[in-house]
Amino acid sequence: MSKHVRKRKRILHSSDFHLDQPGDKACASLKALVKLAVEEEVDMMMIVGDLFDHNRVSDKLIKFVIDQLQCLKAPVVILPGNHDCLVPGCALGKDEFWSKCPNVRIIKNSGGEIVDFSEVGISVWGRPIDTFEDMKPMEGIPAPGNNGYWQIALAHGYYVGNGASMFPSYHITEEEITKSGWDYIALGHVVTFSCVCSKPVAYYCGAAPFTGMAAMVELSDETGVQVSQYEL
Ligand SMILES: [Mn+2]
């Protein structure tokens, strides 16, 4: 029996908007990202940490974000990063706003969770930063499921390879990525677009307001996982 060939999918991978005030440059970047996602008819959009610069942002700014994300039919996955970490009173925890946006899924389970998006055939794992202490963004990642979906892991932190790092916290190691078994590792926290691993494919998408770009991830069982930058 031949292996089941999954449907090709395209995911828009972004991170590190660091939204602070309504109308700032980062807000324009988010708006451009949503426009691109609509035009390209992507299957999913992901924001891998630090959507907000801090947790004291105004309700007006949160409403702006929700107005934008509601323009999409595709599911949007948001991972809390170190700047918008999931602590009491945080921006991503204000359910009175986020509940109005059914296509948005915020990864909240402490220690990590898998979310299956059956409508698009994609499973997502992520572990939110939910503390002001150090943590390991890929610690405890389970083996991917056997549901025939694309398996995408999200992590917000520093890739440190297999050695010591000059960076103090949020370490992601080479071994955590290579042994994960997931199809694609979507990374956030680092400003520039960069590939850190080819098997499985793992990329930093870069900070959209800084690079003016987002990463398009094309998933295909025939041609593999390919990542390229799209201008915002
Ligand atoms: Mn960060």
# chains A, B, ... in the order shown; residues from 1 in each chain; ligands from 1
>>> residues_around(residues="A:Ala153", least_positions_apart="2", cutoff="8 Å", atoms="only C-alpha atoms", output="list of chain:residue names")
A:Val124, A:Trp125, A:Gly126, A:Gln151, A:Ala155, A:Trp182, A:Asp183, A:Tyr184, A:Ile185, A:Ala186
>>> write_last_selection(atoms="C-alpha atoms", output="compact mmCIF listing (two decimals), in the first residue's frame")
# COMPACT_ATOMS: atom_id res chain seq x y z
CA VAL A 124 -0.36 22.33 15.70
CA TRP A 125 1.67 21.96 18.88
CA GLY A 126 2.84 24.89 20.96
CA GLN A 151 2.24 18.36 11.90
CA ALA A 155 8.27 27.70 19.53
CA TRP A 182 7.23 17.06 13.28
CA ASP A 183 6.93 18.27 9.67
CA TYR A 184 7.81 21.92 10.26
CA ILE A 185 9.06 23.93 13.23
CA ALA A 186 7.85 27.55 13.13
>>> select_by_dssp(residues="stretch 63-97 of chain A", states="alpha helix (DSSP H)", output="ChimeraX atom specification")
/A:63-69,95-97
>>> closest_residue(among="A:Leu61, A:Leu51, A:Leu92, A:Ile177", to="A:His189", atoms="only C-alpha atoms")
A:Leu51
>>> closest_atom_pairs(of="chain A", to="ligand 1", cutoff="8 Å", atoms="only C-alpha atoms and all ligand atoms", output="CSV")
residue,atom,partner,partner_atom_place_in_ligand_line,distance
A:Asp16,CA,ligand 1,1 (Mn),6.6
A:Gly49,CA,ligand 1,1 (Mn),6.4
A:Asp50,CA,ligand 1,1 (Mn),5.5
A:Gly81,CA,ligand 1,1 (Mn),5.5
A:Asn82,CA,ligand 1,1 (Mn),5.0
A:His83,CA,ligand 1,1 (Mn),5.9
A:His156,CA,ligand 1,1 (Mn),6.5
A:Gly157,CA,ligand 1,1 (Mn),6.5
A:Gly188,CA,ligand 1,1 (Mn),6.9
A:His189,CA,ligand 1,1 (Mn),3.9
A:Val190,CA,ligand 1,1 (Mn),7.1
>>> select_by_dssp(residues="stretch 68-167 of chain A", states="strand (DSSP E or B)", output="list in words")
Val76, Val77, Ile78, Leu79, Val104, Arg105, Ile106, Glu113, Ile114, Val115, Asp116, Phe117, Ile122, Ser123, Val124, Trp125, Gly126, Trp150, Gln151, Ile152, Ala153, Leu154, Ala155, His156, Tyr158 and Tyr159 of chain A
>>> closest_residue(among="A:Ala164, A:Cys101, A:Val48, A:Ile152", to="A:His18", atoms="only C-alpha atoms")
A:Val48
>>> closest_residue(among="A:Gln70, A:Ser99, A:Asn55, A:Ser169", to="A:Leu86", atoms="only C-alpha atoms")
A:Asn55
